[in-house]
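Chemist: I have a structure here, written as structure tokens, and I will follow up with some questions on it.
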Amino acid sequence: MEILVCVKRVPDTAENEIELNSAGNDIERDDLVYSVNEWDNYAVEEAIQIVDKVGGTVTVVTVGDEDADEVLRREMAMGAQNGILLNDEAFEDSDAMGIATLLKAAAEKGKYDLIMTGAQADAGYAAVGGMLAAMMDLPYASLVNMVEVGDGKLTVGREIEGGNQEINEIELPCVLSIQTGINEPRYVGIKGIRQVSGIEIPEFDAAGLGVDPATVGAAGAKTKRVDYFIPETGEGAEMLTGSTEEIIAKLIDIMKANGGLK
Amino acid sequence: MEPLIAPAQYTFLGIPTVLFSVLIPIVGIALFTYIMAKRIAPLTRARKDERFDAIPQRIWNVALIWLGQIRQPRYMMGGVLHILIFFGFLVLALRSMSLVVIGVIPDFALPGFGHDQMIGMIYNVAKDYAATIVFVACFVAAIRRGIFRPERYEVPARFGKDHTAEAVFVLCIIMTLMVSESLFEAALVAAQIQTGAHAHFLPPGSLPWFLQNSLLNTPMETLQTLHVAAYFIHDFTFFFFLCFLPLGKHFHVITSLFNVYFMRTRRGNIKPIEYGLSAEEMENLKSIGVKKLEDFTWKHILDFYTCADCGRCSDQCPANTVGRALSPRFISIKGREAVFNTYPLTGPILKSENLVGNVYDEDEIWSCTTCGACEEECPIGIEYIDKIVDMRRGLVDDGEVPQTLQKPMQALAKRGNAWGKMEKKRADWTKDIAEECPVKVVDGEESVNTLYFVDSISSFDDRMVDIAKSTAKLLQAAGENFGILGKAEKDSGNEVIRFGEEFLYQDLKNHNMEQIKESGAKRIVTADPHAFNALKNDYQLSIPVEHISSVVTRAVKAGKIKLKTITDATRVYTYHDPCYLGRHNGVYEDPREALNAIPGIRTVEMLKSGDRSFCCSGGGLMLFYEPHEEERMAVLRVKMAAKAGANVIVTACPFCLVNMEDAIKVAGYEGKIEALDLVELLDQHMVK
Amino acid sequence: MATVYAFVAHSDGVLDDSAAELAAAAKKFTDAPVTAIVTGSGVDAAAAKAAELFPAVWKIDAAELAYPNAEVVRKALLNNLDAGAVVLMAHNTFGMDLAPGLAVKIGGAFVADVVDIEGADGDTLKVIRQEFGGVVSTHVTVDMSAGAVVTIRPGAVAPLEGAAGGAVEDKAAGDVSAKRKFIEVREPEAGDVDITKAEVLVSIGRGIEDQDNIELAHELAKAIGSQAEVACSRPIVDAKWMDASRQVGTSGKTVKPKVYLAMGISGSFQHMGGIKGGVIIAVNKNPNAPIFQVANVGIEADILEFIPELTEALGEL
């Protein structure tokens, strides 16, 4: 099976304290550490596991600048055979629709049976997979937490409310967005990353992809982020203060008052 | 003329028994050679190892550990029994070989060992007592093993079947050897006495002496039968035993000498991925670490052969004690079984399977804290840490890393510390003591004599920064011209290399070595034993590396640091030896001296201290991963402190302190027991 | 501005809480009547309920729509929607499945997981979203000139109250053949406990740090009494430290305890989405943890220290 996995380089929020910059129009990026979007990493692992079972190749693609090269190589060290970098100044500040447009152009350069994305990334739109599928007229399932390969189709589980799993059959080719927890992504060591450091990664710009620059990037974006801000705290919680004994005494009173203690 | 016909001249049913005297050794030796050839095959296919250096030290190790048996009495009962059997065997080896020849040449004696020669007479007395002692020791051992069954010999179901039967069987074989050899002699002497011939002297109280006395009224005919039968029982048993040795745990009788000679001569270090490869060649290896049997070095396979199943490693192993999946003894035993199964005595060599998943399980491999208690204890020089690390390297290479450990590894790669804290905040702790004790950050402009290598946990952990602060204050008081690397410092990588991520470790090491060189420092001091070990043993720096306890001890002795008297008389202190300070680096005394230098201090030792210190579980990135266990190591340790009557646990390692403070809460000793780092205690009692 | 629609979720004839929230959200940027869309098979009751909230309701009733399959629903909607339509829906697992593709097919803009709407300036919709797991917020503008799909975070907008008394109009589903087929819904294996019935939940998150520390939570629950159970947030289940049956959140159980003790839980909206009542008491050592925004009572403390102390104090009562 030929699988394309769309990945994104994002600030690693678990390892960073996200703060606003002094101008307030962006987060402070100087000291950020970037890595592959967590959901995408699960998607790549799933793709590799599928290929291990049924054969084929895994290709990872990302939209980004030279820095994005590192996440492609990381996923290649994990086991993806090919990487594709979509890099053009015109791509900057694309909205989800723009990213999906670019990925569609890249996907159509190959012949993929399955395209995967992470369920969501840092901005939390959870949109690219569904858009890409619609643009390519392929069936789609989001929040996938189980994939079984069948004959010309997949059986997929979607994570839905209440901890339930919605089982669907979906025809190939198709697009899936992958939820965390679907597998246990393998560790990628320094050695693996170095061993793929010499591999040539094809790069495409707008012309190379045959995409009209006006339809992507800031120019094509219908959804625009104006600024970043830290929300007013509003009411928030009533913070209990004092010594631990005092806090616990107050807490026990609150629990009693609300029927939590008998 | 002897009153009995010697086995060399006897005929049985018309067959001259000399035939058996010749056949048994020939068949025995042929079979033994065949088995040994099969056993050596895997060694030749295993990886290279560098064990041919440091010859004087290796000879010294043999003299002390093999011949001197110095590690045996650490377990008194078993140890003393072993020493008796061991020396008995050494003495009897000559006699056994002579006996083989006696089956053909009746009067054979080694030159100088004749019945009428001085050496021979002394030797004969010695070997008769030796046989007696071995017999009694084996008898006691068999009872101990078979009836009293000390707990440490138990085989948990997941590791296979009980080994008691094999142990008792071998003890019976040895007893048979002793009895048959003695009976052979005793029957002859009884006959000599009965016929009034010149009787050989049998030392009173010895096994042959008892037998001879009980045979004085036995008919000559029976004595003749006993004499010859005893000989051939001995002869057969001897060669049977020889061929039986390489089939199981008694292989150590043959291999231990070699295993001790080739045992590790350096401490605290980790073996390279493969010996004799450059950094670049290692990076280009298709596969690294140990995944299959043949990926072990020949010494590590020799370790498997040599394990005597004594269980001391596992008895000392903290992971095993708290019920984790790991029991070092079974690393060896399962390894040996795997070698035996893959290289069968008959039939073709099988294809090796992946070790993890078939022989060992992942949890077993990740359960080790690399504390080194097993290696410290092993009486025959078996190594575990390098094997575990090698298997971890294999797992890391295959991406099989527990999920919870992936984040810290990633953080180490990107930020140089496992917590993912920002590099620029590494020296933030100095701000709190800026007035009292300004700490220089070596950044090319400042030059210092002494570099204080803080390492990550003491730089970033909210609680452990106190260790850094106290260390700085002590260094200042000791009059040291010192500084820190600040944001230029990265994690020492002590845990990284032991975790099996060699290349990340190399990056960290190269970075730090470069920074250390640039700092121009003449020596390094650290308060973190993990950093101490990495810098000292893994980095192989050209400048000396010291732990703060050694620096402080000297400064106290020199009068540079003066300490106040302990005011609270109710406080009883106990020192917990950090593994990477004590066992891996032999620093046991300096921290104790520093502690005892505080006037009026009351100290007690815990049951397990010094080289038997019980790991807190801080090593090997265990702060981020905990395998299934019944109890936390540090909780057990806190209970040991309580049992010793201490209410302050003093340690000299931030990892230990993290674990101890947690464990005090978990064990319910909050408010009753306190944990402190040595530098904090000294800082508190410094006359300023 | 083109017509604004609200795709309304429902089950068993009862509207999802998000329906009234969508009605309220629409009010924030348009005074024009909003048409609710109810799809399914045999959905008269739901449509009638929707008519109480919206001035107009489309009912698309077809056997193929019995289970909400996003691909099928999308086709049914596209067979009916006019060009340039603006569609609101909840940012739930079905919304995530349906909305992005619908936006593409409408040819409009897309904005997801909106937490508030500031209003509209002509065809420009102004919304507030969050990024990086809720640590920072952003103002976002959406060009609705060619239509738009907007998903609203459940629970973020106060629901609209009052009766609209709208009329229900039947719409045909049209051709809804799909390449994706719904098979079944599998429920998680029943765990040993039912956290949805507990009156008090001691719920633990990443702050518990270690599997062994989970025992602390059990001890606290025990000290509180038989009405208390231990629950957790998603990372704990992902780490396989606890059974999925104990997970609270949109991908776990929805709970309505009297007291919810959130111990070391940062407070992602996915987690908070699973708490439907009771007083929320949050203990977290990070004073900036988002949970303090949504909890009723906050305590800044390390749970590894706080829990044992609380357990002890309760033991002394």
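Residue numbering restarts at 1 for every chain of the structure tokens, chains are lettered A, B, ... in their displayed order, and ligands are numbered from 1 as they appear.
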As a list in words, please: the residues near Ile50 in chain A (cut-off 9 Å, only C-alpha atoms, same-chain neighbours under 4 positions excluded).

Modeler: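 Within the cut-off, the hits are Met1, Glu45, Glu46, Val54, Gly55, Gly56, Val147, Glu148 and Val149 of chain A.
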
Chemist: Could you work out which residues of chain C fall inside 7 Å of chain A? Count only C-alpha atoms, and format the result as a PyMOL selection string.

Modeler: chain C and resi 93+96-97+100-101+104-105+109-113+131-132+136-143+179-188+199-200+224+238+250-254+258-259+292-299+310

Chemist: For the selection you just gave me, I'd like the residues written to a file as a short mmCIF file (atom, residue, chain, number, x, y, z; two decimals), in the first residue's frame, keeping N, CA and C atoms.

Modeler:
data_model
loop_
_atom_site.label_atom_id
_atom_site.label_comp_id
_atom_site.auth_asym_id
_atom_site.auth_seq_id
_atom_site.Cartn_x
_atom_site.Cartn_y
_atom_site.Cartn_z
N THR C 93 -17.22 15.26 17.97
CA THR C 93 -16.55 14.30 17.09
C THR C 93 -17.27 14.17 15.74
N MET C 96 -16.27 17.41 13.75
CA MET C 96 -14.91 17.32 13.21
C MET C 96 -14.89 16.45 11.96
N ASP C 97 -15.81 15.50 11.91
CA ASP C 97 -15.88 14.59 10.77
C ASP C 97 -16.51 15.27 9.56
N PRO C 100 -15.09 20.17 8.00
CA PRO C 100 -14.05 20.63 7.06
C PRO C 100 -14.41 20.31 5.61
N GLY C 101 -14.90 19.11 5.38
CA GLY C 101 -15.24 18.71 4.02
C GLY C 101 -16.42 19.52 3.50
N VAL C 104 -15.26 22.83 2.23
CA VAL C 104 -14.66 22.70 0.90
C VAL C 104 -15.75 22.64 -0.16
N LYS C 105 -16.77 21.84 0.09
CA LYS C 105 -17.80 21.63 -0.92
C LYS C 105 -18.68 22.88 -1.11
N ALA C 109 -15.41 29.61 3.70
CA ALA C 109 -14.33 29.62 4.70
C ALA C 109 -14.65 28.61 5.79
N PHE C 110 -13.64 28.34 6.58
CA PHE C 110 -13.84 27.38 7.68
C PHE C 110 -13.15 27.90 8.93
N VAL C 111 -13.86 27.84 10.02
CA VAL C 111 -13.21 28.14 11.30
C VAL C 111 -13.77 27.15 12.32
N ALA C 112 -12.84 26.61 13.12
CA ALA C 112 -13.24 25.51 14.00
C ALA C 112 -13.02 25.85 15.46
N ASP C 113 -13.77 25.16 16.28
CA ASP C 113 -13.56 25.20 17.72
C ASP C 113 -13.58 26.64 18.25
N GLU C 131 -5.40 28.40 21.03
CA GLU C 131 -4.36 27.55 20.44
C GLU C 131 -3.48 26.98 21.54
N PHE C 132 -2.61 26.07 21.15
CA PHE C 132 -1.68 25.43 22.09
C PHE C 132 -2.40 24.90 23.32
N VAL C 136 -3.06 30.02 24.96
CA VAL C 136 -3.24 31.37 24.42
C VAL C 136 -4.51 31.42 23.59
N SER C 137 -5.10 32.60 23.50
CA SER C 137 -6.29 32.80 22.68
C SER C 137 -5.92 33.63 21.47
N THR C 138 -6.77 33.60 20.46
CA THR C 138 -6.52 34.42 19.28
C THR C 138 -7.83 35.03 18.80
N HIS C 139 -7.72 36.23 18.22
CA HIS C 139 -8.84 36.80 17.48
C HIS C 139 -8.69 36.36 16.05
N VAL C 140 -9.76 35.90 15.46
CA VAL C 140 -9.69 35.39 14.09
C VAL C 140 -10.79 36.03 13.27
N THR C 141 -10.45 36.42 12.05
CA THR C 141 -11.47 36.94 11.15
C THR C 141 -11.76 35.90 10.07
N VAL C 142 -13.02 35.82 9.71
CA VAL C 142 -13.43 34.80 8.75
C VAL C 142 -14.21 35.49 7.62
N ASP C 143 -13.75 35.30 6.41
CA ASP C 143 -14.40 35.90 5.24
C ASP C 143 -15.55 35.00 4.80
N LYS C 179 -18.99 6.19 0.10
CA LYS C 179 -17.93 5.19 0.09
C LYS C 179 -17.53 4.79 1.50
N ARG C 180 -18.23 5.35 2.44
CA ARG C 180 -17.94 4.99 3.82
C ARG C 180 -19.23 4.45 4.42
N LYS C 181 -19.10 3.32 5.09
CA LYS C 181 -20.28 2.65 5.60
C LYS C 181 -20.17 2.48 7.11
N PHE C 182 -21.20 2.91 7.80
CA PHE C 182 -21.23 2.73 9.26
C PHE C 182 -21.52 1.27 9.60
N ILE C 183 -20.76 0.71 10.48
CA ILE C 183 -20.98 -0.69 10.86
C ILE C 183 -21.64 -0.77 12.23
N GLU C 184 -20.98 -0.24 13.23
CA GLU C 184 -21.52 -0.36 14.59
C GLU C 184 -20.80 0.59 15.54
N VAL C 185 -21.37 0.73 16.72
CA VAL C 185 -20.68 1.46 17.78
C VAL C 185 -20.29 0.46 18.85
N ARG C 186 -19.00 0.44 19.14
CA ARG C 186 -18.54 -0.48 20.19
C ARG C 186 -18.36 0.31 21.47
N GLU C 187 -18.93 -0.22 22.53
CA GLU C 187 -18.76 0.45 23.82
C GLU C 187 -17.51 -0.08 24.49
N PRO C 188 -16.87 0.76 25.29
CA PRO C 188 -15.65 0.28 25.94
C PRO C 188 -15.99 -0.87 26.87
N GLU C 199 -20.83 9.99 43.52
CA GLU C 199 -21.20 11.34 43.97
C GLU C 199 -19.98 12.23 44.11
N VAL C 200 -18.86 11.60 44.39
CA VAL C 200 -17.61 12.35 44.48
C VAL C 200 -16.59 11.66 43.58
N ILE C 224 -12.77 9.45 51.76
CA ILE C 224 -13.99 10.24 51.56
C ILE C 224 -15.22 9.38 51.83
N ASP C 238 -3.99 6.96 28.27
CA ASP C 238 -3.02 6.78 27.20
C ASP C 238 -1.77 6.06 27.71
N THR C 250 -14.63 14.28 26.79
CA THR C 250 -15.44 14.07 25.60
C THR C 250 -15.11 12.72 24.96
N SER C 251 -13.89 12.26 25.13
CA SER C 251 -13.57 10.93 24.60
C SER C 251 -13.69 9.86 25.68
N GLY C 252 -14.23 10.25 26.81
CA GLY C 252 -14.43 9.28 27.89
C GLY C 252 -15.85 9.38 28.42
N LYS C 253 -15.98 9.27 29.72
CA LYS C 253 -17.31 9.29 30.32
C LYS C 253 -17.75 10.72 30.63
N THR C 254 -19.06 10.92 30.58
CA THR C 254 -19.62 12.18 31.05
C THR C 254 -20.14 11.94 32.46
N LYS C 258 -21.44 15.25 42.65
CA LYS C 258 -21.70 16.43 43.47
C LYS C 258 -20.41 17.22 43.65
N VAL C 259 -19.33 16.49 43.84
CA VAL C 259 -18.03 17.14 43.99
C VAL C 259 -17.03 16.48 43.05
N PHE C 292 -7.93 26.40 36.49
CA PHE C 292 -8.34 27.40 37.47
C PHE C 292 -9.33 28.41 36.87
N GLN C 293 -9.39 28.45 35.53
CA GLN C 293 -10.37 29.33 34.88
C GLN C 293 -11.78 28.75 34.99
N VAL C 294 -11.85 27.46 34.99
CA VAL C 294 -13.16 26.82 34.91
C VAL C 294 -13.62 26.16 36.20
N ALA C 295 -12.68 25.95 37.12
CA ALA C 295 -13.06 25.30 38.36
C ALA C 295 -13.80 26.29 39.26
N ASN C 296 -14.54 25.78 40.22
CA ASN C 296 -15.21 26.65 41.17
C ASN C 296 -14.28 27.03 42.31
N VAL C 297 -13.48 26.06 42.71
CA VAL C 297 -12.56 26.27 43.82
C VAL C 297 -11.18 25.82 43.37
N GLY C 298 -10.18 26.64 43.67
CA GLY C 298 -8.82 26.29 43.26
C GLY C 298 -7.87 26.23 44.43
N ILE C 299 -6.94 25.31 44.36
CA ILE C 299 -5.90 25.22 45.39
C ILE C 299 -4.58 25.04 44.67
N LEU C 310 -4.74 15.58 52.76
CA LEU C 310 -6.20 15.61 52.79
C LEU C 310 -6.74 14.27 53.28
#

Chemist: Which residues are near Phe94 in chain C? Cut-off 9 Å, only C-alpha atoms, ignore same chain within fewer than 3 positions. Put them as a short mmCIF file (atom, residue, chain, number, x, y, z; two decimals) with N, CA and C atoms, in the first residue's frame.

Modeler:
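What landed in around_13.cif:
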data_model
loop_
_atom_site.label_atom_id
_atom_site.label_comp_id
_atom_site.auth_asym_id
_atom_site.auth_seq_id
_atom_site.Cartn_x
_atom_site.Cartn_y
_atom_site.Cartn_z
N SER A 142 -12.47 10.78 10.50
CA SER A 142 -11.63 11.55 11.43
C SER A 142 -11.48 10.80 12.74
N ILE A 160 -15.36 8.35 19.44
CA ILE A 160 -16.48 9.28 19.57
C ILE A 160 -16.82 9.50 21.04
N ALA C 9 -27.43 18.63 16.59
CA ALA C 9 -27.24 17.23 16.98
C ALA C 9 -28.32 16.81 17.96
N PRO C 68 -25.59 9.06 11.98
CA PRO C 68 -24.93 10.20 11.35
C PRO C 68 -23.56 9.84 10.77
N ASN C 69 -23.57 9.45 9.51
CA ASN C 69 -22.33 9.19 8.77
C ASN C 69 -22.00 10.51 8.06
N ALA C 70 -20.83 11.06 8.35
CA ALA C 70 -20.51 12.41 7.88
C ALA C 70 -20.61 12.53 6.36
N ALA C 90 -21.66 22.07 16.15
CA ALA C 90 -20.84 21.88 17.36
C ALA C 90 -19.50 21.26 16.98
N HIS C 91 -18.47 21.68 17.71
CA HIS C 91 -17.14 21.09 17.49
C HIS C 91 -17.03 19.81 18.32
N ASP C 97 -15.81 15.50 11.91
CA ASP C 97 -15.88 14.59 10.77
C ASP C 97 -16.51 15.27 9.56
N LEU C 98 -17.52 16.09 9.84
CA LEU C 98 -18.34 16.66 8.77
C LEU C 98 -17.86 18.03 8.28
N ALA C 99 -17.54 18.91 9.21
CA ALA C 99 -17.41 20.33 8.89
C ALA C 99 -16.33 20.68 7.87
#

Chemist: Select, as an NGL selection string, those residues of chain C with any atom no more than 8 Å from chain B (distances computed using only C-alpha atoms).

Modeler: :C and (210-211 or 239 or 305)

Chemist: Using C-alpha atoms, can you write the selected residues to a file as an mmCIF file, in the first residue's frame?

Modeler:
data_model
loop_
_atom_site.group_PDB
_atom_site.id
_atom_site.type_symbol
_atom_site.label_atom_id
_atom_site.label_comp_id
_atom_site.auth_asym_id
_atom_site.auth_seq_id
_atom_site.Cartn_x
_atom_site.Cartn_y
_atom_site.Cartn_z
ATOM 1 C CA ASP C 210 3.784 8.053 38.287
ATOM 2 C CA GLN C 211 1.661 4.967 38.151
ATOM 3 C CA ALA C 239 -0.212 5.764 29.535
ATOM 4 C CA GLU C 305 1.859 16.342 48.889
#

Chemist: Taking only C-alpha atoms into account, which residues of chain B are within 8 Å of chain A, as a count of residues only?

Modeler: 20

Chemist: Which polymer residues have any atom within 9 Å of an atom of Phe241 in chain B, counting only C-alpha atoms, with same-chain residues fewer than 6 positions away left out, as a list in words?

Modeler: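 In the requested format, the answer is Val170, Ile173 and Ile174 of chain B.
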
Chemist: As a list of chain:residue names, please: the residues near range 186-197 of chain B (cut-off 6 Å, only C-alpha atoms, same-chain neighbours under 2 positions excluded).

Modeler: B:Ser182, B:Leu183, B:Phe184, B:Ala199, B:Pro208, B:Leu211, B:Gln212, B:Leu215, B:Leu216, B:Leu223, B:His227

Chemist: Return as a ChimeraX atom specification the full set of residues in range 53-234 of chain C whose backbone-based DSSP assignment is alpha helix (DSSP H).

Modeler: /C:53,70-78,93-106,214-224,234
